[in-house]
file upload-v2.cif (mmCIF, C-alpha atoms)
data_protein
loop_
_atom_site.group_PDB
_atom_site.id
_atom_site.type_symbol
_atom_site.label_atom_id
_atom_site.label_comp_id
_atom_site.auth_asym_id
_atom_site.auth_seq_id
_atom_site.Cartn_x
_atom_site.Cartn_y
_atom_site.Cartn_z
ATOM 1 C CA MET A 1 17.131 -35.589 10.778
ATOM 2 C CA GLU A 2 13.748 -36.487 12.194
ATOM 3 C CA SER A 3 13.154 -38.697 15.201
ATOM 4 C CA ALA A 4 10.001 -40.185 16.663
ATOM 5 C CA ILE A 5 9.021 -39.798 20.294
ATOM 6 C CA ARG A 6 6.660 -42.328 21.717
ATOM 7 C CA GLY A 7 5.100 -42.432 25.111
ATOM 8 C CA ARG A 8 1.909 -42.320 27.077
ATOM 9 C CA PHE A 9 0.043 -39.225 28.031
ATOM 10 C CA ALA A 10 -2.479 -39.367 30.823
ATOM 11 C CA LEU A 11 -5.814 -37.632 30.530
ATOM 12 C CA SER A 12 -7.389 -36.095 33.565
ATOM 13 C CA PRO A 13 -10.003 -33.435 34.181
ATOM 14 C CA SER A 14 -7.222 -30.930 34.919
ATOM 15 C CA GLY A 15 -5.169 -31.525 31.757
ATOM 16 C CA ILE A 16 -2.603 -33.791 30.130
ATOM 17 C CA SER A 17 0.642 -34.991 31.675
ATOM 18 C CA ASN A 18 3.460 -37.306 30.639
ATOM 19 C CA PRO A 19 4.068 -39.609 33.611
ATOM 20 C CA LYS A 20 7.320 -41.523 34.018
ATOM 21 C CA PRO A 21 7.567 -44.882 35.735
ATOM 22 C CA GLY A 22 8.002 -44.419 39.477
ATOM 23 C CA ASP A 23 6.634 -40.841 39.582
ATOM 24 C CA ARG A 24 5.007 -40.173 42.956
ATOM 25 C CA TYR A 25 2.261 -37.998 41.467
ATOM 26 C CA SER A 26 1.622 -39.957 38.292
ATOM 27 C CA LEU A 27 -1.859 -39.578 36.893
ATOM 28 C CA CYS A 28 -1.783 -43.185 35.671
ATOM 29 C CA ARG A 29 -2.373 -44.535 39.169
ATOM 30 C CA GLY A 30 -5.747 -45.111 40.609
ATOM 31 C CA PRO A 31 -9.095 -44.619 38.848
ATOM 32 C CA CYS A 32 -7.666 -42.860 35.775
ATOM 33 C CA SER A 33 -4.966 -45.412 34.988
ATOM 34 C CA ASN A 34 -7.035 -46.762 32.083
ATOM 35 C CA LEU A 35 -7.198 -43.271 30.507
ATOM 36 C CA CYS A 36 -3.552 -43.284 29.411
ATOM 37 C CA ILE A 37 -3.285 -43.139 25.621
ATOM 38 C CA PRO A 38 -0.300 -44.086 23.479
ATOM 39 C CA THR A 39 1.033 -41.159 21.414
ATOM 40 C CA ALA A 40 3.606 -40.571 18.715
ATOM 41 C CA ALA A 41 5.080 -37.269 17.601
ATOM 42 C CA ILE A 42 7.655 -36.339 14.997
ATOM 43 C CA THR A 43 10.285 -33.778 15.814
ATOM 44 C CA THR A 44 13.055 -32.270 13.777
ATOM 45 C CA ARG A 45 16.647 -31.688 14.715
ATOM 46 C CA PRO A 46 17.391 -28.985 17.292
ATOM 47 C CA GLY A 47 17.145 -25.416 16.069
ATOM 48 C CA LYS A 48 14.390 -26.044 13.508
ATOM 49 C CA GLY A 49 11.137 -25.661 15.410
ATOM 50 C CA ALA A 50 8.792 -28.558 14.826
ATOM 51 C CA GLY A 51 5.584 -27.557 13.114
ATOM 52 C CA LEU A 52 6.810 -24.107 12.046
ATOM 53 C CA LEU A 53 6.869 -23.168 8.410
ATOM 54 C CA GLU A 54 9.792 -21.318 6.968
ATOM 55 C CA LYS A 55 9.182 -17.853 5.543
ATOM 56 C CA PRO A 56 8.457 -18.107 1.821
ATOM 57 C CA VAL A 57 10.879 -16.518 -0.603
ATOM 58 C CA ILE A 58 9.192 -13.990 -2.881
ATOM 59 C CA GLU A 59 10.975 -13.544 -6.158
ATOM 60 C CA LYS A 60 10.692 -10.305 -8.055
ATOM 61 C CA VAL A 61 10.075 -10.854 -11.721
ATOM 62 C CA THR A 62 10.995 -8.137 -14.161
ATOM 63 C CA PRO A 63 8.805 -7.852 -17.228
ATOM 64 C CA GLY A 64 10.186 -9.240 -20.455
ATOM 65 C CA ARG A 65 10.355 -7.475 -23.781
ATOM 66 C CA GLU A 66 6.916 -8.698 -24.818
ATOM 67 C CA SER A 67 5.171 -7.103 -21.827
ATOM 68 C CA GLU A 68 7.052 -3.800 -22.289
ATOM 69 C CA PHE A 69 6.009 -3.788 -25.934
ATOM 70 C CA ASP A 70 2.395 -4.464 -24.973
ATOM 71 C CA LEU A 71 2.569 -1.624 -22.435
ATOM 72 C CA ARG A 72 3.796 0.836 -25.072
ATOM 73 C CA LYS A 73 1.200 -0.400 -27.531
ATOM 74 C CA SER A 74 -1.645 0.132 -25.046
ATOM 75 C CA ARG A 75 -0.395 3.663 -24.282
ATOM 76 C CA LYS A 76 -0.340 4.554 -27.972
ATOM 77 C CA SER A 77 -3.857 3.262 -28.541
ATOM 78 C CA VAL A 78 -5.234 6.112 -26.384
ATOM 79 C CA PRO A 79 -4.942 9.347 -28.392
ATOM 80 C CA PRO A 80 -3.309 12.233 -26.511
ATOM 81 C CA TYR A 81 -5.133 15.490 -25.848
ATOM 82 C CA ARG A 82 -3.865 19.029 -25.315
ATOM 83 C CA VAL A 83 -5.071 21.213 -22.464
ATOM 84 C CA ILE A 84 -5.057 24.770 -23.766
ATOM 85 C CA LEU A 85 -5.006 27.931 -21.642
ATOM 86 C CA HIS A 86 -6.631 30.989 -23.258
ATOM 87 C CA ASN A 87 -5.719 34.576 -22.470
ATOM 88 C CA ASP A 88 -8.226 36.638 -20.538
ATOM 89 C CA ASN A 89 -8.192 40.256 -19.453
ATOM 90 C CA PHE A 90 -9.513 39.850 -15.911
ATOM 91 C CA ASN A 91 -7.127 37.396 -14.114
ATOM 92 C CA LYS A 92 -3.806 38.682 -12.817
ATOM 93 C CA ARG A 93 -0.668 36.958 -14.046
ATOM 94 C CA GLU A 94 0.398 35.865 -10.564
ATOM 95 C CA TYR A 95 -2.986 34.221 -9.997
ATOM 96 C CA VAL A 96 -2.745 32.299 -13.287
ATOM 97 C CA VAL A 97 0.703 30.974 -12.264
ATOM 98 C CA GLN A 98 -0.630 29.906 -8.850
ATOM 99 C CA VAL A 99 -3.605 28.058 -10.378
ATOM 100 C CA LEU A 100 -1.416 26.253 -12.934
ATOM 101 C CA MET A 101 0.912 25.057 -10.168
ATOM 102 C CA LYS A 102 -2.049 23.950 -8.030
ATOM 103 C CA VAL A 103 -3.969 22.079 -10.753
ATOM 104 C CA ILE A 104 -1.250 20.463 -12.900
ATOM 105 C CA PRO A 105 0.881 17.870 -11.052
ATOM 106 C CA GLY A 106 4.619 18.496 -11.262
ATOM 107 C CA MET A 107 4.204 22.036 -12.633
ATOM 108 C CA THR A 108 7.168 24.190 -11.664
ATOM 109 C CA ILE A 109 7.017 27.924 -11.225
ATOM 110 C CA ASP A 110 9.231 28.435 -14.287
ATOM 111 C CA ASN A 111 6.968 26.338 -16.525
ATOM 112 C CA ALA A 112 3.855 28.037 -15.157
ATOM 113 C CA VAL A 113 5.325 31.507 -15.861
ATOM 114 C CA ASN A 114 6.286 30.478 -19.414
ATOM 115 C CA ILE A 115 2.785 29.082 -20.101
ATOM 116 C CA MET A 116 1.156 32.212 -18.676
ATOM 117 C CA GLN A 117 3.420 34.493 -20.772
ATOM 118 C CA GLU A 118 2.741 32.531 -23.963
ATOM 119 C CA ALA A 119 -1.024 32.699 -23.390
ATOM 120 C CA HIS A 120 -0.769 36.429 -22.644
ATOM 121 C CA TYR A 121 1.204 37.315 -25.785
ATOM 122 C CA ASN A 122 -0.137 34.712 -28.273
ATOM 123 C CA GLY A 123 -3.717 34.364 -27.026
ATOM 124 C CA LEU A 124 -3.334 30.695 -26.023
ATOM 125 C CA SER A 125 -0.791 28.194 -24.746
ATOM 126 C CA VAL A 126 -0.554 24.412 -24.418
ATOM 127 C CA VAL A 127 -0.511 23.565 -20.717
ATOM 128 C CA ILE A 128 -0.059 19.774 -20.882
ATOM 129 C CA ILE A 129 -0.517 16.849 -23.267
ATOM 130 C CA CYS A 130 -2.120 13.817 -21.636
ATOM 131 C CA SER A 131 -4.955 11.292 -21.937
ATOM 132 C CA GLN A 132 -8.451 12.527 -22.698
ATOM 133 C CA ALA A 133 -9.748 11.702 -19.212
ATOM 134 C CA ASP A 134 -6.920 13.605 -17.506
ATOM 135 C CA ALA A 135 -7.251 16.508 -19.963
ATOM 136 C CA GLU A 136 -10.945 16.848 -19.138
ATOM 137 C CA VAL A 137 -10.217 16.861 -15.409
ATOM 138 C CA TYR A 138 -7.459 19.500 -15.715
ATOM 139 C CA CYS A 139 -9.610 21.662 -17.993
ATOM 140 C CA MET A 140 -12.527 21.582 -15.540
ATOM 141 C CA GLN A 141 -10.223 22.413 -12.618
ATOM 142 C CA LEU A 142 -8.729 25.365 -14.487
ATOM 143 C CA ARG A 143 -12.231 26.589 -15.336
ATOM 144 C CA GLY A 144 -13.317 26.053 -11.715
ATOM 145 C CA ASN A 145 -10.550 28.460 -10.688
ATOM 146 C CA GLY A 146 -11.731 31.117 -13.152
ATOM 147 C CA LEU A 147 -9.314 30.501 -16.061
ATOM 148 C CA LEU A 148 -10.380 30.047 -19.668
ATOM 149 C CA SER A 149 -9.293 26.626 -20.946
ATOM 150 C CA SER A 150 -10.202 23.984 -23.499
ATOM 151 C CA ILE A 151 -9.006 20.615 -24.758
ATOM 152 C CA GLU A 152 -8.324 19.309 -28.259
ATOM 153 C CA PRO A 153 -6.817 16.138 -29.736
ATOM 154 C CA ALA A 154 -3.063 16.359 -30.053
ATOM 155 C CA GLY A 155 -2.732 15.432 -33.725
ATOM 156 C CA GLY A 156 0.708 14.142 -34.622
ATOM 157 C CA GLY A 157 1.417 12.523 -31.233
ATOM 158 C CA CYS A 158 3.042 13.850 -28.116
#

call {"tool": "encode", "arguments": {"input": "upload-v2.cif", "output": "structure tokens"}}
result
Amino acid sequence: MESAIRGRFALSPSGISNPKPGDRYSLCRGPCSNLCIPTAAITTRPGKGAGLLEKPVIEKVTPGRESEFDLRKSRKSVPPYRVILHNDNFNKREYVVQVLMKVIPGMTIDNAVNIMQEAHYNGLSVVIICSQADAEVYCMQLRGNGLLSSIEPAGGGC
């Protein structure tokens, strides 16, 4: 419930006060008595600070089926690429495993060993299938660490 407060505030060079009738030190006496101005203010019930806004409620919206479908569709429109590791005769196996774990995010030691072994015995191995931009970055990082690598389109999907 709101209520209105009315009164007079006195203006003086030192500030504003709210004099009451009969106050000994009222600013409305003497030369500044004509500077009193009528005021009105609106307050709310106790406990709800006047003039304060309540914190807004932020609702989390989960995407509907249409947006999930659009997300899948946009992912499929970018053709996947394979990053291929080629066997070489001058890098040690342990070093190849270390580089794979450093360059490829989420690469475990077991996966890195399997990829290294496949490249060693078969001549090449697929390291990861990802977007073309990511494949180019991974390929360049592998090459920057002295490994032989290439990329190719992953025909037939992931």

call {"tool": "atom_distance", "arguments": {"input": "upload-v2.cif", "atom1": "atom CA of Met101 of chain A", "atom2": "atom CA of His120 of chain A"}}
result
17.0 Å

call {"tool": "closest_residue", "arguments": {"input": "upload-v2.cif", "among": "A:Ala112, A:Val78, A:Val103, A:Val96", "to": "Tyr138 of chain A", "atoms": "all atoms listed in the file"}}
result
A:Val103

call {"tool": "closest_residue", "arguments": {"input": "upload-v2.cif", "among": "A:Gln98, A:Leu124, A:Asn91, A:Glu54", "to": "Ile151 of chain A", "atoms": "only C-alpha atoms"}}
result
A:Leu124

call {"tool": "resolve_selection", "arguments": {"input": "upload-v2.cif", "expression": "the PyMOL selection byres ((chain A and resi 154) around 12)", "output": "PyMOL selection string"}}
result
chain A and resi 78-84+126+128-132+135+151-153+155-158

call {"tool": "atom_distance", "arguments": {"input": "upload-v2.cif", "atom1": "atom CA of Asn87 of chain A", "atom2": "atom CA of Gly123 of chain A"}}
result
5.0 Å

call {"tool": "residues_around", "arguments": {"input": "upload-v2.cif", "residues": "Tyr95 of chain A", "least_positions_apart": "6", "cutoff": "10 Å", "atoms": "only C-alpha atoms", "output": "NGL selection string"}}
result
:A and (101 or 116 or 145-147)

call {"tool": "write_last_selection", "arguments": {"input": "upload-v2.cif", "atoms": "C-alpha atoms", "output": "short mmCIF file (atom, residue, chain, number, x, y, z; two decimals), in the coordinates of the input"}}
result
data_model
loop_
_atom_site.label_atom_id
_atom_site.label_comp_id
_atom_site.auth_asym_id
_atom_site.auth_seq_id
_atom_site.Cartn_x
_atom_site.Cartn_y
_atom_site.Cartn_z
CA MET A 101 0.91 25.06 -10.17
CA MET A 116 1.16 32.21 -18.68
CA ASN A 145 -10.55 28.46 -10.69
CA GLY A 146 -11.73 31.12 -13.15
CA LEU A 147 -9.31 30.50 -16.06
#

call {"tool": "closest_residue", "arguments": {"input": "upload-v2.cif", "among": "A:Ala119, A:Val127, A:Leu142, A:Ala133", "to": "Asp88 of chain A", "atoms": "only C-alpha atoms"}}
result
A:Ala119

call {"tool": "atom_distance", "arguments": {"input": "upload-v2.cif", "atom1": "atom CA of Tyr121 of chain A", "atom2": "atom CA of Asp134 of chain A"}}
result
26.4 Å

call {"tool": "axis_aligned_box", "arguments": {"input": "upload-v2.cif", "around": "segment 103-110 of chain A", "padding_each_side": "4 Å", "output": "AutoDock Vina command-line options"}}
result
--center_x 2.6 --center_y 23.2 --center_z -12.5 --size_x 21.2 --size_y 18.6 --size_z 11.5

call {"tool": "closest_residue", "arguments": {"input": "upload-v2.cif", "among": "A:His86, A:Glu136, A:Lys55, A:Ser77", "to": "Ser149 of chain A", "atoms": "only C-alpha atoms"}}
result
A:His86
